[in-house]
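Have a look at the structure below before the remarks.
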Amino acid sequence: MSDSALSHTRLLGSLFGLLQVASLLSLLLLLFKALQFYLQRQWLLKAFQQFPSPPSHWFFGHKNEFQKGQELQQLMKRVEKFPSACPRWLWGSDAFLLIYDPDYMKVILGRSDPKAHGTYKFVAPWIGYGLLLLNGQTWFQRMLTPAFHYDILKPYVGIMVDSIQVMLDQWEKLSIQDNSLEIFEHISLMTLDTIMKCAFGQQECIQVNRKSKAYIQAIRDLNNLVFARMRNVFHQNGVIYSLTSNGRTYHHACQLAHEHTDKVINQRKAQLQDEGELEKVKMKRRLDFLDILLFAKMEDGSSLSDKDLRAEVDTFMFEGHDTTASGISWILYTLATHPEHQQKCREEVQSLLGNGASVTWEILDKMAYTTMCVKEALRLYTPVPLVSRELSKPVTFPDGRSLPKGVILTLSFYSLHHNLKVWPNPEVFDPFRFAPDSSHHSHSFLPFSGGSRNCIGKQFAMNEVKVAVALTLLRFEVLPDPTRVPILIPPLVLKPKNGIHLHLRKLS
């Protein structure tokens, strides 16, 4: 046999040997993963043995039960059938306990369990590890709290009024048509305009800025893409996901969001290079949100890195406008579908404002009936429908059932607010549930979460909601469009799949 033929044979033999080794290693890895899968599933089955649930497939879990577009309906069937909490299997050995009982909520929100990494990891490339995703950063929350002190919030009411009037002026021009108006995008631009002026020191009105509309669309895409990815087992891996069309769209939307926040940060940094502006800031008794971040010192004395700055700005830019826009949109829709309550709110606002006076800080506390309607609408349409936690130590609930360390919990505020055992006739709009003399469980109404990690900007959001509702009702009667009923989808923020369309009737 020639040397070339011999070397060719040896090469084939070596390749065959490598293939055998690779096949053996692959088989061992597959066996290891199968064992890991089995042990994890058995551990979860044991952990959840005190919590009954509907039958699930050994691999696909409850996927077939929760068909696309039917998530909330199936969720409410569980709430009715299984008291307090119920396991949900996503696939194979991946499951969490869904809780919707006020006593359970009180126990978990009174603890300091970390956020569930598996749930929030899909959001991290977008908003980074800011206050929303970090665990144990209580000192940082304390540092930011002054940005939402009432001394800071009081003058913001005037800014809110101005931003809302710009939106209503646009609506007045559009309402001359017979067609209904999709209000969610308009309200999102308005709340973005408000948060930019109040928390980030921007002066220009961005409601007519095309680039701002691109940011709003990017946030909408990110919301939907994150939820779609959480549902798809094959998109859990980051590398695989980045190769899909959804992954590329997600990456592009993240870039748009980051460009927007980077511009805001860099503009403020440039302004602070001016000695006059710097002295003006130093003379302030309380700093705005972005200035607190720019002057902040970490526990070791260092300033926040650019990455940390962007994470906080991305978080508050999103939380400060998107969830509030969801709340305002749903409140107006609810009042449109309940005209008798809408009229009572309007009459209350008219009686308080008298001869054309504007909404002020002092007026907000006097809007008793409007506040009742706002809270009832937030109960029906909770902007942030859920949060997740991973137990850092075992827990025992008031009914005696317990869970070990490591179990993932999903606190479903939407389910809590629609729980028949907590709220009689939960689908009925009844503002008197929140009458001043009413009483209910301390953890039965959680539109801003609860405990030490509740929404830091909840007072800001409530102020903006009440100002928006008051000014809208003074200028328009809002009516539903029966041909375009909102279709609920449950991503990060409760939004309608097809928008919220209302008819606007200008008041004389």
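We label chains A, B, ... in the order they appear in the structure tokens, count residues from 1 in each chain, and number ligands from 1 in the order shown.
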Please run DSSP on the backbone and report, as a list in words, all residues within region 87-122 of chain A that come out as strand (DSSP E).
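Of region 87-122 of chain A, only Pro87, Arg88, Trp89, Leu90, Trp91, Asp94, Ala95, Phe96, Leu97, Leu98 and Ile99 of chain A fall in strand (DSSP E).
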Just C-alpha atoms for this one: save the residues we selected as a PDB file, in the first residue's frame.
```pdb
ATOM      1  CA  PRO A  87     -48.744  25.549  40.436  1.00  0.00           C
ATOM      2  CA  ARG A  88     -48.264  26.156  36.738  1.00  0.00           C
ATOM      3  CA  TRP A  89     -45.951  23.938  34.728  1.00  0.00           C
ATOM      4  CA  LEU A  90     -44.361  25.705  31.763  1.00  0.00           C
ATOM      5  CA  TRP A  91     -42.514  22.734  30.336  1.00  0.00           C
ATOM      6  CA  ASP A  94     -39.853  24.365  34.795  1.00  0.00           C
ATOM      7  CA  ALA A  95     -42.716  25.493  37.025  1.00  0.00           C
ATOM      8  CA  PHE A  96     -43.783  28.209  39.445  1.00  0.00           C
ATOM      9  CA  LEU A  97     -46.476  28.730  42.056  1.00  0.00           C
ATOM     10  CA  LEU A  98     -49.057  31.323  41.087  1.00  0.00           C
ATOM     11  CA  ILE A  99     -50.440  33.126  44.153  1.00  0.00           C
TER      12      ILE A  99
END
```
For Asp288 (chain A): contacts at 8 Å, only C-alpha atoms, fewer than 2 positions along chain excluded, given as a PyMOL selection string:
chain A and resi 147+152+198-201+286+290-292
Take the residues from that selection and write them out as a PDB file, in the first residue's frame, keeping N, CA, C and O atoms.
```
ATOM      1  N   ALA A 147     -36.309  62.005  45.418  1.00  0.00           N
ATOM      2  CA  ALA A 147     -36.757  62.495  44.108  1.00  0.00           C
ATOM      3  C   ALA A 147     -38.269  62.463  43.989  1.00  0.00           C
ATOM      4  O   ALA A 147     -38.832  63.084  43.087  1.00  0.00           O
ATOM      5  N   ILE A 152     -40.898  67.966  45.909  1.00  0.00           N
ATOM      6  CA  ILE A 152     -40.523  67.826  44.493  1.00  0.00           C
ATOM      7  C   ILE A 152     -41.775  67.615  43.641  1.00  0.00           C
ATOM      8  O   ILE A 152     -41.910  68.184  42.549  1.00  0.00           O
ATOM      9  N   CYS A 198     -40.161  66.259  34.087  1.00  0.00           N
ATOM     10  CA  CYS A 198     -40.138  66.237  35.552  1.00  0.00           C
ATOM     11  C   CYS A 198     -38.878  65.582  36.115  1.00  0.00           C
ATOM     12  O   CYS A 198     -38.274  66.103  37.049  1.00  0.00           O
ATOM     13  N   ALA A 199     -38.506  64.429  35.591  1.00  0.00           N
ATOM     14  CA  ALA A 199     -37.420  63.657  36.190  1.00  0.00           C
ATOM     15  C   ALA A 199     -36.080  63.811  35.484  1.00  0.00           C
ATOM     16  O   ALA A 199     -35.038  63.558  36.080  1.00  0.00           O
ATOM     17  N   PHE A 200     -36.102  64.245  34.209  1.00  0.00           N
ATOM     18  CA  PHE A 200     -34.866  64.253  33.440  1.00  0.00           C
ATOM     19  C   PHE A 200     -34.472  65.628  32.916  1.00  0.00           C
ATOM     20  O   PHE A 200     -33.582  65.746  32.088  1.00  0.00           O
ATOM     21  N   GLY A 201     -35.159  66.662  33.377  1.00  0.00           N
ATOM     22  CA  GLY A 201     -34.744  68.030  33.090  1.00  0.00           C
ATOM     23  C   GLY A 201     -34.882  68.476  31.650  1.00  0.00           C
ATOM     24  O   GLY A 201     -34.250  69.457  31.238  1.00  0.00           O
ATOM     25  N   ARG A 286     -33.817  69.944  47.105  1.00  0.00           N
ATOM     26  CA  ARG A 286     -33.995  68.561  46.675  1.00  0.00           C
ATOM     27  C   ARG A 286     -33.742  68.470  45.170  1.00  0.00           C
ATOM     28  O   ARG A 286     -34.203  69.305  44.414  1.00  0.00           O
ATOM     29  N   LEU A 290     -32.714  62.570  37.777  1.00  0.00           N
ATOM     30  CA  LEU A 290     -31.482  62.383  37.011  1.00  0.00           C
ATOM     31  C   LEU A 290     -30.304  63.056  37.698  1.00  0.00           C
ATOM     32  O   LEU A 290     -29.186  62.510  37.710  1.00  0.00           O
ATOM     33  N   ASP A 291     -30.517  64.217  38.285  1.00  0.00           N
ATOM     34  CA  ASP A 291     -29.421  64.894  38.988  1.00  0.00           C
ATOM     35  C   ASP A 291     -28.959  64.090  40.199  1.00  0.00           C
ATOM     36  O   ASP A 291     -27.759  64.054  40.512  1.00  0.00           O
ATOM     37  N   ILE A 292     -29.884  63.432  40.892  1.00  0.00           N
ATOM     38  CA  ILE A 292     -29.496  62.558  42.007  1.00  0.00           C
ATOM     39  C   ILE A 292     -28.564  61.471  41.496  1.00  0.00           C
ATOM     40  O   ILE A 292     -27.532  61.165  42.104  1.00  0.00           O
TER      41      ILE A 292
END
```
Test item, alpha helix (DSSP H) assignment across region 120-317 of chain A, answer as number ranges by chain:
A: 120, 124-127, 138-144, 150-174, 183-199, 210-231, 238-242, 245-271, 275-283, 289-295, 306-317
Residues within 10 Å of Ser112 (chain A), only C-alpha atoms, excluding chain neighbours under 4 positions, as a VMD selection string
chain A and resid 108 135 to 136 389 to 393 451 to 453
